[in-house]
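Student: Contents of run.cif (mmCIF, C-alpha atoms and all ligand atoms):
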data_upload
loop_
_atom_site.label_atom_id
_atom_site.label_comp_id
_atom_site.auth_asym_id
_atom_site.auth_seq_id
_atom_site.Cartn_x
_atom_site.Cartn_y
_atom_site.Cartn_z
CA MET W 1 -2.09 5.90 5.64
CA THR W 2 0.95 3.97 6.94
CA VAL W 3 0.44 1.32 4.27
CA THR W 4 0.33 4.03 1.60
CA LEU W 5 3.27 6.08 2.76
CA GLU W 6 5.59 3.44 4.16
CA LEU W 7 4.80 0.34 2.07
CA VAL W 8 3.11 0.97 -1.26
CA GLY W 9 4.56 4.40 -2.05
CA PRO W 10 8.17 3.22 -1.65
CA THR W 11 7.32 0.10 -3.70
CA ILE W 12 6.12 2.32 -6.55
CA LEU W 13 9.34 4.28 -6.17
CA VAL W 14 11.37 1.08 -6.61
CA HIS W 15 9.32 -0.75 -9.26
CA GLY W 16 7.12 1.87 -10.92
CA ASP W 17 7.83 3.33 -14.35
CA HIS W 18 8.32 7.05 -14.88
CA HIS W 19 4.63 7.69 -15.49
CA GLN W 20 3.54 5.76 -12.38
CA ARG W 21 6.05 7.60 -10.21
CA ALA W 22 4.91 10.96 -11.56
CA SER W 23 1.20 10.24 -11.16
CA PHE W 24 1.20 8.42 -7.78
CA LEU W 25 4.09 9.70 -5.67
CA PRO W 26 3.39 13.45 -5.50
CA PRO W 27 -0.24 12.90 -4.35
CA ILE W 28 0.98 10.35 -1.78
CA LEU W 29 3.61 12.72 -0.38
CA ARG W 30 1.16 15.64 -0.36
CA GLY W 31 -1.32 13.49 1.56
CA GLU W 32 -3.95 13.67 -1.20
CA LEU W 33 -3.82 9.95 -1.96
CA LEU W 34 -4.13 8.62 1.55
CA LEU W 35 -5.25 5.06 1.17
CA VAL W 36 -3.80 2.25 -0.86
CA CYS W 37 -4.54 -1.23 0.49
CA GLN W 38 -2.62 -4.48 0.17
CA LEU W 39 -4.42 -7.09 -1.93
CA PHE W 40 -2.13 -10.02 -1.09
CA SER W 41 -3.65 -12.68 1.23
CA GLU W 42 -6.18 -15.20 -0.02
CA PRO W 43 -8.26 -17.83 1.80
CA SER W 44 -5.80 -20.57 0.80
CA ALA W 45 -2.71 -18.39 0.44
CA GLY W 46 -1.76 -16.68 3.68
CA SER W 47 1.65 -17.64 5.00
CA ASP W 48 2.17 -19.49 1.71
CA LEU W 49 1.50 -16.39 -0.35
CA ALA W 50 3.25 -17.70 -3.48
CA SER W 51 0.43 -20.22 -3.93
CA LEU W 52 -2.14 -17.50 -4.52
CA ARG W 53 -4.79 -18.20 -7.15
CA CYS W 54 -6.30 -14.83 -8.09
CA ARG W 55 -5.92 -14.70 -11.89
CA ALA W 56 -4.95 -11.89 -14.27
CA GLU W 57 -5.55 -12.77 -17.91
CA ARG W 58 -4.56 -10.74 -20.95
CA SER W 59 -7.34 -8.66 -22.44
CA GLU W 60 -7.25 -5.96 -25.09
CA GLY W 61 -5.23 -3.07 -23.62
CA GLY W 62 -4.88 -4.66 -20.23
CA TRP W 63 -5.88 -7.50 -17.94
CA LEU W 64 -9.00 -9.15 -16.57
CA ILE W 65 -8.88 -10.05 -12.88
CA ASN W 66 -10.89 -12.88 -11.31
CA GLY W 67 -10.53 -14.26 -7.81
CA GLN W 68 -10.65 -13.30 -4.14
CA LYS W 69 -8.51 -11.66 -1.47
CA VAL W 70 -9.02 -11.70 2.28
CA TRP W 71 -7.90 -9.79 5.39
CA THR W 72 -7.56 -6.64 3.32
CA SER W 73 -7.16 -3.81 5.82
CA GLY W 74 -8.89 -0.57 4.86
CA ALA W 75 -10.28 -1.86 1.54
CA ARG W 76 -13.57 -0.02 2.01
CA PHE W 77 -11.81 3.32 2.16
CA ALA W 78 -8.94 2.72 -0.25
CA ASP W 79 -8.59 4.50 -3.59
CA TYR W 80 -6.19 1.87 -4.93
CA GLY W 81 -5.02 -1.61 -4.07
CA GLU W 82 -1.61 -3.11 -4.67
CA LEU W 83 -2.77 -6.37 -6.21
CA ILE W 84 -0.68 -9.49 -6.67
CA ALA W 85 -2.21 -11.88 -9.20
CA ARG W 86 -1.24 -14.98 -11.13
CA THR W 87 -0.57 -14.27 -14.82
CA ASP W 88 0.34 -17.86 -15.58
CA PRO W 89 -1.89 -20.72 -14.40
CA THR W 90 1.06 -22.91 -13.51
CA GLY W 91 2.18 -22.62 -9.91
CA GLY W 92 5.15 -20.88 -8.39
CA HIS W 93 6.14 -17.35 -7.51
CA GLY W 94 7.70 -16.75 -10.94
CA ARG W 95 4.21 -16.56 -12.43
CA LEU W 96 2.90 -13.58 -10.48
CA THR W 97 2.44 -9.97 -11.54
CA ALA W 98 1.65 -6.82 -9.55
CA PHE W 99 -0.91 -4.15 -10.39
CA LEU W 100 -2.24 -0.90 -8.98
CA LEU W 101 -5.99 -1.47 -9.00
CA PRO W 102 -8.50 1.40 -8.70
CA MET W 103 -10.83 0.07 -5.99
CA ASP W 104 -13.89 1.61 -7.66
CA SER W 105 -13.36 -0.49 -10.80
CA PRO W 106 -16.50 -2.32 -12.00
CA GLY W 107 -16.50 -5.91 -10.74
CA VAL W 108 -14.81 -5.18 -7.39
CA GLU W 109 -16.96 -6.26 -4.44
CA ILE W 110 -15.86 -5.54 -0.88
CA ARG W 111 -17.38 -7.39 2.08
CA SER W 112 -16.43 -6.41 5.61
CA ILE W 113 -15.37 -9.06 8.12
CA ARG W 114 -17.02 -8.42 11.49
CA GLN W 115 -14.55 -9.01 14.34
CA MET W 116 -15.52 -10.27 17.80
CA THR W 117 -14.64 -6.79 19.12
CA GLY W 118 -17.43 -5.36 16.97
CA GLY W 119 -14.99 -3.64 14.66
CA ALA W 120 -14.58 -4.39 10.97
CA SER W 121 -11.13 -3.33 9.87
CA PHE W 122 -10.58 -6.32 7.56
CA ASN W 123 -12.40 -7.20 4.38
CA GLU W 124 -12.89 -9.83 1.76
CA VAL W 125 -12.46 -8.46 -1.76
CA PHE W 126 -13.94 -10.29 -4.76
CA PHE W 127 -13.01 -9.66 -8.40
CA THR W 128 -15.28 -10.58 -11.29
CA ASP W 129 -13.87 -9.70 -14.72
CA VAL W 130 -12.25 -6.56 -13.35
CA PHE W 131 -10.37 -4.72 -16.10
CA ILE W 132 -6.99 -3.13 -15.31
CA PRO W 133 -5.21 -1.19 -18.07
CA ASP W 134 -1.67 -2.34 -18.72
CA GLU W 135 -0.37 1.08 -17.64
CA LEU W 136 -1.30 0.09 -14.09
CA ARG W 137 0.88 -3.02 -14.12
CA LEU W 138 3.59 -2.49 -11.50
CA GLY W 139 6.84 -4.04 -12.72
CA ASP W 140 7.33 -6.58 -15.46
CA VAL W 141 4.97 -9.46 -16.19
CA GLY W 142 6.05 -12.41 -14.02
CA HIS W 143 8.02 -10.20 -11.61
CA GLY W 144 5.23 -9.81 -9.07
CA TRP W 145 7.08 -11.79 -6.45
CA ALA W 146 9.91 -9.25 -6.44
CA VAL W 147 7.33 -6.48 -6.04
CA THR W 148 5.67 -8.44 -3.23
CA LEU W 149 8.93 -8.96 -1.37
CA THR W 150 9.74 -5.27 -1.74
CA THR W 151 6.45 -4.28 -0.11
CA LEU W 152 6.81 -6.91 2.62
CA GLY W 153 10.37 -5.73 3.27
CA PHE W 154 9.12 -2.19 3.79
CA GLU W 155 6.33 -3.58 5.99
CA ARG W 156 8.83 -5.45 8.13
CA ALA W 157 10.90 -2.32 8.61
CA SER W 158 7.84 -0.19 9.24
CA SER W 159 6.25 -2.56 11.77
CA GLY W 160 9.48 -3.42 13.52
CA SER W 161 10.81 0.08 14.00
CA GLY W 162 7.66 2.03 14.62
CA THR W 163 5.67 0.32 17.30
CA ALA W 164 5.84 3.41 19.49
CA ARG W 165 3.88 5.26 16.81
CA THR W 166 1.58 2.49 15.65
CA GLY W 167 -1.43 4.04 13.99
CA GLY W 168 0.24 7.47 14.03
CA SER W 169 0.37 10.15 16.67
CA PHE W 170 -2.24 12.79 17.45
CA ALA W 171 -0.06 15.29 15.62
CA ASP W 172 -0.17 13.04 12.53
CA ALA W 173 -3.97 12.92 12.70
CA LEU W 174 -4.14 16.69 13.13
CA ARG W 175 -1.89 17.23 10.12
CA VAL W 176 -4.15 15.07 7.96
CA ALA W 177 -7.27 16.83 9.26
CA ALA W 178 -5.73 20.25 8.61
CA THR W 179 -4.68 19.28 5.11
CA LEU W 180 -8.18 18.03 4.33
CA GLY W 181 -9.81 21.10 5.85
CA ARG W 182 -11.51 19.08 8.60
CA THR W 183 -10.22 21.24 11.45
CA ALA W 184 -9.77 24.96 12.00
CA ASP W 185 -6.58 24.29 13.96
CA ARG W 186 -3.83 25.05 11.46
CA SER W 187 -0.99 24.64 13.94
CA CYS W 188 0.26 21.46 12.30
CA ALA W 189 -0.60 22.26 8.72
CA ASN W 190 2.88 23.57 7.94
CA ALA W 191 4.28 20.13 8.58
CA TRP W 192 2.67 18.91 5.38
CA PRO W 193 3.61 17.71 2.73
CA LEU W 194 4.88 14.64 4.43
CA CYS W 195 8.39 14.55 5.70
CA THR W 196 11.19 12.53 4.19
CA ARG W 197 13.87 13.48 6.66
CA PRO W 198 15.23 11.57 9.63
CA ARG W 199 13.63 11.94 13.04
CA GLY W 200 15.44 10.41 15.96
CA PRO W 201 15.80 6.64 15.66
CA ARG W 202 13.49 6.44 12.65
CA SER W 203 12.24 8.57 9.81
CA CYS W 204 8.79 10.03 9.28
CA SER W 205 8.84 7.89 6.18
CA PRO W 206 11.28 5.36 4.75
CA PRO W 207 14.71 6.71 3.85
CA VAL W 208 14.07 5.44 0.33
CA TRP W 209 11.97 8.55 -0.31
CA ALA W 210 15.10 10.67 -0.02
CA SER W 211 16.45 8.90 -3.11
CA TRP W 212 13.63 10.27 -5.22
CA PRO W 213 15.10 13.27 -7.01
CA ASP W 214 11.73 14.89 -7.59
CA GLN W 215 10.67 14.99 -3.95
CA GLY W 216 13.46 13.96 -1.64
CA GLY W 217 17.02 14.83 -0.82
CA SER W 218 17.64 18.53 -0.61
CA ASP W 219 14.16 19.59 -1.68
CA SER W 220 12.94 21.81 1.16
CA ARG W 221 9.28 21.33 0.21
CA VAL W 222 9.25 17.93 1.86
CA ARG W 223 10.87 18.92 5.12
CA CYS W 224 8.73 18.57 8.20
CA SER W 225 8.95 21.23 10.84
CA SER W 226 8.07 18.78 13.59
CA CYS W 227 11.11 16.59 13.06
CA SER W 228 13.83 18.56 11.34
CA GLY W 229 13.21 21.99 12.81
CA SER W 230 12.91 23.51 9.35
CA GLY W 231 9.44 24.52 8.21
CA THR W 232 8.14 24.48 4.69
C1 LIG H 1 -3.46 -6.77 11.66
C2 LIG H 1 -3.42 -7.53 10.35
C3 LIG H 1 -3.61 -6.85 9.15
C4 LIG H 1 -3.55 -7.51 7.95
N1 LIG H 1 -3.75 -6.81 6.80
C5 LIG H 1 -3.65 -7.42 5.62
C6 LIG H 1 -3.80 -6.67 4.41
O1 LIG H 1 -4.07 -5.47 4.41
N2 LIG H 1 -3.68 -7.32 3.24
C7 LIG H 1 -3.38 -8.66 3.16
O2 LIG H 1 -3.24 -9.16 2.06
N3 LIG H 1 -3.28 -9.40 4.29
C8 LIG H 1 -3.39 -8.81 5.52
N4 LIG H 1 -3.28 -9.54 6.68
C9 LIG H 1 -3.22 -10.97 6.58
C10 LIG H 1 -1.88 -11.57 6.96
O3 LIG H 1 -0.90 -11.20 6.07
C11 LIG H 1 -2.17 -13.05 7.03
O4 LIG H 1 -2.60 -13.25 8.34
C12 LIG H 1 -1.05 -13.87 6.63
O5 LIG H 1 -1.01 -13.87 5.23
C13 LIG H 1 -1.21 -15.26 7.24
O6 LIG H 1 -2.27 -15.94 6.60
P1 LIG H 1 -3.44 -16.69 7.41
O7 LIG H 1 -3.99 -15.78 8.43
O8 LIG H 1 -4.35 -17.27 6.38
O9 LIG H 1 -2.72 -17.84 8.21
P2 LIG H 1 -2.22 -19.26 7.68
O10 LIG H 1 -1.26 -19.07 6.57
O11 LIG H 1 -3.39 -20.15 7.46
O12 LIG H 1 -1.44 -19.76 8.96
C14 LIG H 1 -2.17 -20.20 10.14
C15 LIG H 1 -1.17 -20.72 11.13
O13 LIG H 1 -0.46 -21.83 10.58
C16 LIG H 1 0.95 -21.60 10.63
N5 LIG H 1 1.56 -22.17 9.41
C17 LIG H 1 1.27 -21.84 8.14
N6 LIG H 1 2.02 -22.56 7.28
C18 LIG H 1 2.81 -23.35 8.06
C19 LIG H 1 3.80 -24.33 7.74
N7 LIG H 1 4.12 -24.65 6.49
N8 LIG H 1 4.42 -24.92 8.76
C20 LIG H 1 4.11 -24.63 10.04
N9 LIG H 1 3.17 -23.72 10.39
C21 LIG H 1 2.53 -23.09 9.41
C22 LIG H 1 1.11 -20.09 10.69
O14 LIG H 1 2.34 -19.72 11.33
C23 LIG H 1 -0.10 -19.71 11.55
O15 LIG H 1 0.17 -19.87 12.91
C24 LIG H 1 -3.32 -8.90 7.91
C25 LIG H 1 -3.13 -9.60 9.12
C26 LIG H 1 -3.19 -8.93 10.31
C27 LIG H 1 -2.97 -9.71 11.60
#
Mind turning this structure into structure tokens?
Ligand SMILES: Cc1cc2nc3c(=O)[nH]c(=O)nc-3n(C[C@H](O)[C@H](O)[C@H](O)COP(=O)(O)OP(=O)(O)OC[C@H]3O[C@@H](n4cnc5c(N)ncnc54)[C@H](O)[C@@H]3O)c2cc1C
Tutor:
Amino acid sequence: MTVTLELVGPTILVHGDHHQRASFLPPILRGELLLVCQLFSEPSAGSDLASLRCRAERSEGGWLINGQKVWTSGARFADYGELIARTDPTGGHGRLTAFLLPMDSPGVEIRSIRQMTGGASFNEVFFTDVFIPDELRLGDVGHGWAVTLTTLGFERASSGSGTARTGGSFADALRVAATLGRTADRSCANAWPLCTRPRGPRSCSPPVWASWPDQGGSDSRVRCSSCSGSGT
């Protein structure tokens, strides 16, 4: 959920076109689209992400994806993945393009990585001729590195400023459960949709949300009673 709300959502806000903003951001802020994973790292492209080899080739109406990602947190549960792929076989970060990939697309295979703790929060994700329509390209062709750096910038801010709330609080979990109808306790339900307003030293979500005229700023629908004192 943190990846969706604090990393990918704001990236769509910055780089998405009007249609992408309209179709992705309201469900993210309402908590209906909870999981978008990061399809960045590859077996030979971790720290050196710009050397990634996953390919996106032009196809009629879109792109065909072939390659592999690794260490993808939450891939098994994600509805979408923010995918960075190479749209030009020559090297360099100027040859990359970003996409929003539906994780149930034919040709996507997800294999869990079993950790020594017994858990399996990471995954390998394989792509075999996976079709993505061009409408799901995020940003211009060849501008994927800018999209990547935007997401990583939000990740840096999110990780660095929020360690006290890593993974979310119990109240966060209760809000999600109430919204999804998984608990009879409605005490936190009025704090949803997600908040865009400041709370103490950090915000419930990145300040960039407040710049979105459709959902942020003075729109009272996105205020959170738990942090601003004003209910929805
Ligand atoms: C909790 C967690 C969640 C993650 N979730 C995701 C996710 O959802 N999606 C995703 O795409 N990735 C994810 N990752 C992967 C993470 O981004 C990678 O760990 C990162 O890309 C580093 O790659 P690597 O592990 O292959 O290490 P490598 O790049 O192989 O690096 C191994 C070591 O070598 C060092 N090193 C590398 N290059 C150099 C150099 N040139 N000079 C000196 N030292 C060097 C590194 O500092 C490191 O110590 C996650 C990682 C963690 C820990």
Student: For the interface of chain W with ligand LIG 1 (chain H) (cut-off 9 Å, counting only C-alpha atoms and all ligand atoms), please tabulate each contacting residue of chain W alongside its nearest pair of atoms and their separation in Å to one decimal, rows sorted by chain and increasing number, as a Markdown table.
Tutor:
| residue | atom | partner | partner_atom | distance |
| --- | --- | --- | --- | --- |
| W:Val3 | CA | H:LIG1 | O1 | 8.2 |
| W:Cys37 | CA | H:LIG1 | O1 | 5.8 |
| W:Gln38 | CA | H:LIG1 | N2 | 4.3 |
| W:Leu39 | CA | H:LIG1 | O2 | 4.6 |
| W:Phe40 | CA | H:LIG1 | O2 | 3.4 |
| W:Ser41 | CA | H:LIG1 | O2 | 3.6 |
| W:Glu42 | CA | H:LIG1 | O8 | 7.0 |
| W:Pro43 | CA | H:LIG1 | O8 | 6.0 |
| W:Ser44 | CA | H:LIG1 | O8 | 6.6 |
| W:Ala45 | CA | H:LIG1 | O8 | 6.3 |
| W:Gly46 | CA | H:LIG1 | O6 | 3.1 |
| W:Ser47 | CA | H:LIG1 | O10 | 3.6 |
| W:Asp48 | CA | H:LIG1 | O10 | 6.0 |
| W:Leu49 | CA | H:LIG1 | O5 | 6.6 |
| W:Lys69 | CA | H:LIG1 | O2 | 6.8 |
| W:Val70 | CA | H:LIG1 | O2 | 6.3 |
| W:Trp71 | CA | H:LIG1 | C8 | 4.6 |
| W:Thr72 | CA | H:LIG1 | O1 | 3.8 |
| W:Ser73 | CA | H:LIG1 | O1 | 3.8 |
| W:Gly74 | CA | H:LIG1 | O1 | 6.9 |
| W:Ala75 | CA | H:LIG1 | O1 | 7.7 |
| W:Leu83 | CA | H:LIG1 | O2 | 8.7 |
| W:Ser121 | CA | H:LIG1 | C3 | 8.3 |
| W:Phe122 | CA | H:LIG1 | N1 | 6.9 |
| W:Asn123 | CA | H:LIG1 | O1 | 8.5 |
Student: So what do you get for atom CA of Glu109 of chain W versus atom CA of Leu152 of chain W, distance-wise?
Tutor: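 Between atom CA of Glu109 of chain W and atom CA of Leu152 of chain W the gap works out to 24.8 Å.
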Student: How many Å separate atom CA of Trp145 of chain W from atom CA of Ile84 of chain W?
Tutor: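 We find that atom CA of Trp145 of chain W and atom CA of Ile84 of chain W lie 8.1 Å from each other.
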Student: Go through segment 77-116 of chain W and flag each residue having an atom no more than 10 Å from segment 7-16 of chain W; for those, report the closest pair of atoms plus their distance in Å to one decimal, using all atoms listed in the file, ordered by chain and rising number, as a Markdown table.
Tutor:
| residue | atom | partner | partner_atom | distance |
| --- | --- | --- | --- | --- |
| W:Gly81 | CA | W:Val8 | CA | 9.0 |
| W:Glu82 | CA | W:Val8 | CA | 7.1 |
| W:Ala98 | CA | W:His15 | CA | 9.8 |
| W:Leu100 | CA | W:Ile12 | CA | 9.3 |
Student: With C-alpha atoms retained, export the selected residues as a PDB file, in the frame of the given file.
Tutor:
ATOM      1  CA  GLY W  81      -5.020  -1.610  -4.070  1.00  0.00           C
ATOM      2  CA  GLU W  82      -1.610  -3.110  -4.670  1.00  0.00           C
ATOM      3  CA  ALA W  98       1.650  -6.820  -9.550  1.00  0.00           C
ATOM      4  CA  LEU W 100      -2.240  -0.900  -8.980  1.00  0.00           C
TER       5      LEU W 100
END
Student: When you look at Arg86 of chain W with a cut-off of 10 Å (counting only C-alpha atoms), what residues show up, excluding the ones that are within fewer than 5 positions of it in the same chain? I need them as a PyMOL selection string.
Tutor: chain W and resi 50-57+65-67+91-98+141-142+144
Student: If you measure from atom CA of Arg30 of chain W to atom CA of Ala173 of chain W, what distance in Å do you get, rounded to one decimal?
Tutor: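 Pair atom CA of Arg30 of chain W / atom CA of Ala173 of chain W returns 14.3 Å.
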Student: Would you pick out the contacts of Phe24 of chain W at 8 Å or less, using all atoms listed in the file, so that residues sharing its chain but fewer than 2 positions from it are not included, and give the list as a PyMOL selection string?
Tutor: chain W and resi 9+12+20-22+26-28+33
Student: So, counting all atoms listed in the file, which residue among W:Gly118, W:Leu25, W:Arg175, W:Leu34 is closest to Thr2 of chain W?
Tutor: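 Looking at the shortest contact to Thr2 of chain W, the residue is W:Leu34.
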Student: Report the centre and edge lengths, in Å to one decimal, of an axis-aligned box enclosing every atom of segment 22-41 of chain W listed in the file, padded by 6 Å on each side, as JSON.
Tutor:
{"center_x": -0.2, "center_y": 1.5, "center_z": -5.0, "size_x": 22.2, "size_y": 40.3, "size_z": 25.1}
Student: Identify the residues around (-14.7, -0.9, 6.8) within a radius of 6 Å, measuring from all atoms listed in the file in the coordinates stated by the file, and give them as a ChimeraX atom specification.
Tutor: /W:76,112,120-121
Student: Which one is closest to Ala177 of chain W: W:Leu5, W:His19, W:Gly31, W:Met116? Count only C-alpha atoms.
Tutor: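 Smallest distance to Ala177 of chain W is found for W:Gly31.
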